[in-house]
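Data first, discussion second: the structure below is written as structure tokens.
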Amino acid sequence: MLALIRKDLQIEFRTKETLASLLLLGLLTLVVLSFAFDPASELRAEAAPGALWVAVLFAGVLGLNRSFLSERDNDCLQGLLLCPIDRGTIYLAKTIGNFVFMLAAQMVIVPIFVFFFNLPISSALGGVLLSLALGLLGLAAIGTLFAAIAVRTRAREVMLPLLIVPLVVPLFIAGVQVTAHVLAGKPLDTVLHWLNLMGGFDAVFLVVGWLAFEYAVEE
Amino acid sequence: MSGPVVEGRGVGRRFAGVTALRDVDLSVAAGEAVAVFGPNGAGKTTLLRLLATVLRPSAGTLRLFERPLEDGGAQARRRIGLLSHRSFLYPDLTPVENLEFYARMFRVPQAAARVRDLLEQVGLAGWAHRPLRTLSRGMEQRCALARVLLHEPDLLLLDEPFSGLDLDAGTTLSGLLQRERARGSAWLMTTHEIGRAFELCTRALILVRGRLVWDGAINTAQRDQFEERYRTLTHGSDLALSHHAGADP
């Protein structure tokens, strides 16, 4: 599994294609949304969690769309399937890789989000990062499975969001709720039920992806 | 190994209602070199992909290395090498990086030395550190050959391995295949180049419309008979069976 993750990082380090696209789309979304609200308005602070998670979703789907493109060149996915490892291990390695790329992009996007929306982040930082980590893990778990299916289709750029977005709605609602509560200064234990929902969602879809990946890549 | 490397009984494969392969009985022993002939769409590539465990049979039973494929074939794959039309190599990585990646996946001992040695053997030592996307098709195919041999497979599956190779590379490939056979590897090779097949193989299969219609020994003395039989079995419709100028006697 480590060899697979290392290979994905090596290719990304060389091309910087996925990270650059994730960052660009995430930042553009935040910039556009930040200009939609009056800086003096209270609405701006209330809309901030939604804006952050919209940026996460857009950037995440774009990154996931790219995640199997390198495997499509020269039919490298077949090469992976020929390796003496089970398909579930390939799924977990690709999921971890996608999670790492999305998390790395958020490390840049979150400070800019705080700047644009002028948020009191210091006490809320832990909660925001925890919810982002859980949200990105769930997005990676679902997205990796469906990206493997979508990469074989002609309309993969359209197909992937159509497959993923309806499924991640509960995860993103929970993410928005956690972010909104912690940014409003409420303690983390008031949103434990949302965090539990996100954790449960991640666990379920990691197991489903691990079990179903074999059928997703089979002809 | 005493038993057969490949043993299939009634093997079939369907794709979305289309039968690509049906009712194939096949046994291949260690060290055997088998040429697989057939018109386009006869099921040759499907047969190799089934043996590579990339596809699962829709019908029949398949045993590799005297074991059923209970674990999805993960253990068997450790001993299989598939050379396809596509190289399975990452264009953004160099030949060394590509081979080191596959060496890690197959847990090849002393990987760095093995990679260096193979790149030398396929004539890519001077190109080892350039991104694969900058190499020619023939060079990429040489690198793919190194990938296939990396883990010293006991079963080599070669899908038209000479396509895209220049004369030198073709000679190198022939030499490497003969060395692998001397080591005890079995191989199945699909080809339309009858000269190459008779030069390298001792047995041939003919597939027509997914069925194995002929399976027997070949040697150069009987080549004309074989060609006649092939044309009869395929109703003389196969234009792809070619006489490779460099390989024909």
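Residues are referred to by chain and number: the chain letter is A, B, ... according to the order shown in the structure tokens, the number counts from 1 in that chain, and ligands are numbered separately from 1 in the order shown.
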
When you get a sec, could you note down which chain A residues fall within 6 Å of chain B, using only C-alpha atoms, as a CSV table (one decimal) with N, CA and C atoms, in the first residue's frame?
```
chain,number,residue,atom,x,y,z
A,74,ASN,N,-1.8,4.7,-20.6
A,74,ASN,CA,-1.2,3.4,-20.8
A,74,ASN,C,-1.8,2.3,-20.1
A,75,ASP,N,-3.1,2.5,-19.7
A,75,ASP,CA,-3.8,1.4,-19.1
A,75,ASP,C,-3.2,0.9,-17.8
A,76,CYS,N,-2.6,1.9,-17.0
A,76,CYS,CA,-1.9,1.6,-15.8
A,76,CYS,C,-2.8,0.9,-14.7
A,79,GLY,N,-2.2,-2.5,-15.0
A,79,GLY,CA,-0.9,-2.9,-14.4
A,79,GLY,C,-1.1,-3.1,-12.9
A,84,PRO,N,0.4,-8.5,-7.2
A,84,PRO,CA,-0.1,-9.5,-6.2
A,84,PRO,C,-0.7,-8.9,-4.9
A,85,ILE,N,-1.6,-8.0,-5.1
A,85,ILE,CA,-2.3,-7.4,-3.9
A,85,ILE,C,-3.8,-7.5,-4.2
```

**Message:** Neighbouring residues of Ala33 (chain B) were defined as those with any atom within 9 Å, considering only C-alpha atoms; residues of the same chain fewer than 6 positions away were excluded. Please report them as a PyMOL selection string.
**Reply:** chain B and resi 181+185-189+200-204

Could you dump the residues just selected with C-alpha atoms as a PDB file, in the first residue's frame?
```pdb
ATOM      1  CA  ARG B 181      12.087 -20.651 -21.110  1.00  0.00           C
ATOM      2  CA  SER B 185       8.969 -20.314 -17.449  1.00  0.00           C
ATOM      3  CA  ALA B 186       5.986 -21.260 -19.529  1.00  0.00           C
ATOM      4  CA  TRP B 187       4.651 -18.713 -21.968  1.00  0.00           C
ATOM      5  CA  LEU B 188       1.682 -18.100 -24.166  1.00  0.00           C
ATOM      6  CA  MET B 189       2.132 -15.616 -26.980  1.00  0.00           C
ATOM      7  CA  LEU B 200      10.081 -19.550 -30.663  1.00  0.00           C
ATOM      8  CA  CYS B 201       7.211 -21.905 -29.858  1.00  0.00           C
ATOM      9  CA  THR B 202       6.745 -25.662 -29.804  1.00  0.00           C
ATOM     10  CA  ARG B 203       2.976 -25.705 -29.612  1.00  0.00           C
ATOM     11  CA  ALA B 204       0.142 -23.688 -31.102  1.00  0.00           C
TER      12      ALA B 204
END
```

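With CA of Leu192 (chain A) on one side and CA of Gly97 (chain A) on the other, the separation reads 27.4 Å.
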
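The shell of residues at most 12 Å from Thr153 (chain A), with only C-alpha atoms counted and near chain neighbours (fewer than 5 positions) removed, consists of Asn65, Phe68, Leu69, Arg72, Phe146, Ala147, Ala148, Val158, Met159, Leu160 and Val217 of chain A.
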
Selected residues, C-alpha atoms, written as a PDB file, in the first residue's frame, please.
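To be explicit, this is the file written out as again.pdb:
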```pdb
ATOM      1  CA  ASN A  65     -11.881  13.423 -11.114  1.00  0.00           C
ATOM      2  CA  PHE A  68      -7.598   7.942 -11.750  1.00  0.00           C
ATOM      3  CA  LEU A  69      -6.460   9.849 -14.822  1.00  0.00           C
ATOM      4  CA  ARG A  72      -5.847   5.597 -17.376  1.00  0.00           C
ATOM      5  CA  PHE A 146     -16.889   6.303  -7.934  1.00  0.00           C
ATOM      6  CA  ALA A 147     -13.836   7.845  -9.642  1.00  0.00           C
ATOM      7  CA  ALA A 148     -12.718   4.296 -10.475  1.00  0.00           C
ATOM      8  CA  VAL A 158     -20.090  15.027 -15.520  1.00  0.00           C
ATOM      9  CA  MET A 159     -20.639  11.525 -14.202  1.00  0.00           C
ATOM     10  CA  LEU A 160     -18.532  11.826 -11.052  1.00  0.00           C
ATOM     11  CA  VAL A 217     -12.732  -2.060 -11.549  1.00  0.00           C
TER      12      VAL A 217
END
```

**Prompt:** If you count only C-alpha atoms, which residues fall within 12 Å of Leu50 (chain B), apart from same-chain ones fewer than 2 positions away, as a VMD selection string?
**Reply:** (chain A and resid 82 218 to 219) or (chain B and resid 6 to 8 11 to 14 20 to 21 24 43 to 48 52 to 64 69 72 to 73 77 80 82 157)

Output C-alpha atoms for every residue in that selection, as a compact mmCIF listing (two decimals), in the first residue's frame.
```
# COMPACT_ATOMS: atom_id res chain seq x y z
CA LEU A 82 -1.86 -7.43 -12.17
CA GLU A 218 -13.83 -5.36 -13.03
CA GLU A 219 -15.05 -5.48 -16.63
CA VAL B 6 -2.29 -23.61 -16.45
CA GLU B 7 -5.27 -25.91 -16.31
CA GLY B 8 -8.63 -24.75 -17.62
CA VAL B 11 -13.50 -21.85 -19.55
CA GLY B 12 -15.77 -19.17 -20.98
CA ARG B 13 -16.13 -15.43 -20.75
CA ARG B 14 -19.00 -13.15 -21.69
CA ALA B 20 -15.75 -13.71 -26.21
CA LEU B 21 -14.55 -17.17 -25.21
CA VAL B 24 -11.94 -23.77 -23.68
CA GLY B 43 -10.71 -14.24 -28.10
CA LYS B 44 -6.89 -14.35 -27.88
CA THR B 45 -6.52 -11.28 -25.68
CA THR B 46 -9.46 -12.37 -23.52
CA LEU B 47 -7.77 -15.74 -22.98
CA LEU B 48 -4.54 -14.04 -21.85
CA ALA B 52 -3.51 -13.14 -15.93
CA THR B 53 -6.46 -13.15 -13.45
CA VAL B 54 -7.41 -9.63 -14.58
CA LEU B 55 -10.72 -11.13 -15.73
CA ARG B 56 -12.72 -13.86 -14.05
CA PRO B 57 -14.20 -16.68 -16.12
CA SER B 58 -17.96 -16.53 -16.61
CA ALA B 59 -17.99 -20.33 -17.01
CA GLY B 60 -15.74 -23.28 -16.28
CA THR B 61 -12.84 -23.68 -13.88
CA LEU B 62 -9.36 -22.28 -14.08
CA ARG B 63 -6.40 -23.43 -11.99
CA LEU B 64 -3.00 -21.74 -12.06
CA LEU B 69 -8.07 -18.92 -7.81
CA GLY B 72 -9.03 -13.70 -6.51
CA GLY B 73 -5.66 -14.71 -7.93
CA ARG B 77 -0.26 -12.98 -9.87
CA ILE B 80 2.59 -14.10 -13.72
CA LEU B 82 1.59 -9.93 -18.80
CA LEU B 157 1.57 -13.96 -21.17
```

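If you look at CA of Arg223 (chain B) and CA of Thr190 (chain B), they are 17.0 Å away from each other.
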
**Message:** as a ChimeraX atom specification, please: every residue in region 92-168 of chain B that DSSP puts in strand (DSSP E or B).
**Reply:** /B:155-159

**Message:** From the options B:Thr134, B:Gln141, B:Thr234, B:Thr94, which residue's atoms come nearest to Leu212 (chain B), counting only C-alpha atoms?
**Reply:** B:Thr234

**Request:** Identify, on the basis of only C-alpha atoms, every residue whose closest approach to Phe172 (chain A) does not exceed 10 Å; exclude the query and any residue fewer than 5 positions from it along the same chain; express the result as a ChimeraX atom specification.
**Result:** /A:50,53-54,56-57,131-132,134-136,138-139,165,167,177-178,198

**Selection near Val182 (chain A), 12 Å with only C-alpha atoms, sequence-local residues under 2 positions removed, as a PyMOL selection string** = chain A and resi 46+48-49+119-131+175-180+184-192+194-195

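Here CA of Glu152 (chain B) and CA of Tyr91 (chain A) stand 26.5 Å from one another.
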
Find the residues near Glu140 (chain B): any atom within 9 Å, counting only C-alpha atoms, skip ones fewer than 4 places away on the same chain, and give them as an mmCIF file with C-alpha atoms, in the first residue's frame.
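Saved file out.cif follows:
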```
data_model
loop_
_atom_site.group_PDB
_atom_site.id
_atom_site.type_symbol
_atom_site.label_atom_id
_atom_site.label_comp_id
_atom_site.auth_asym_id
_atom_site.auth_seq_id
_atom_site.Cartn_x
_atom_site.Cartn_y
_atom_site.Cartn_z
ATOM 1 C CA SER B 87 2.769 -0.712 -21.428
ATOM 2 C CA LEU B 89 3.850 2.364 -17.308
ATOM 3 C CA PRO B 95 11.870 3.952 -16.609
ATOM 4 C CA LEU B 132 8.728 7.854 -20.103
ATOM 5 C CA ARG B 133 6.597 10.312 -22.088
ATOM 6 C CA LEU B 135 10.653 8.010 -25.122
ATOM 7 C CA SER B 136 9.551 6.450 -28.410
ATOM 8 C CA ALA B 144 7.355 -2.807 -20.576
ATOM 9 C CA LEU B 145 9.308 -5.958 -21.302
#
```

**Message:** Please determine, counting only C-alpha atoms, which residue among A:Glu157, A:Glu17, A:Asp202, A:Glu12 has the shortest atom-to-atom distance to Ile142 (chain A).
**Reply:** A:Asp202

Within 12 Å of region 27-30 of chain B: each region 143-177 of chain B residue with its shortest pair, only C-alpha atoms, as a tab-separated table:
```
residue	atom	partner	partner_atom	distance
B:Pro153	CA	B:Ala30	CA	11.3
B:Asp154	CA	B:Ala30	CA	7.6
B:Leu155	CA	B:Ala30	CA	8.0
B:Leu156	CA	B:Ala30	CA	10.7
B:Leu157	CA	B:Val28	CA	11.9
```

Emit the selected residues as a CSV table (one decimal), in the first residue's frame, including C-alpha atoms.
```
chain,number,residue,atom,x,y,z
B,153,PRO,CA,7.5,-14.9,-13.5
B,154,ASP,CA,6.8,-18.6,-14.0
B,155,LEU,CA,4.0,-17.8,-16.5
B,156,LEU,CA,4.6,-15.2,-19.2
B,157,LEU,CA,1.6,-14.0,-21.2
```

**Asked** Out of region 96-206 of chain B, which residues get alpha helix (DSSP H) from DSSP, as a PyMOL selection string?
**Response** chain B and resi 96-105+111-121+137-149+167-183+194-200
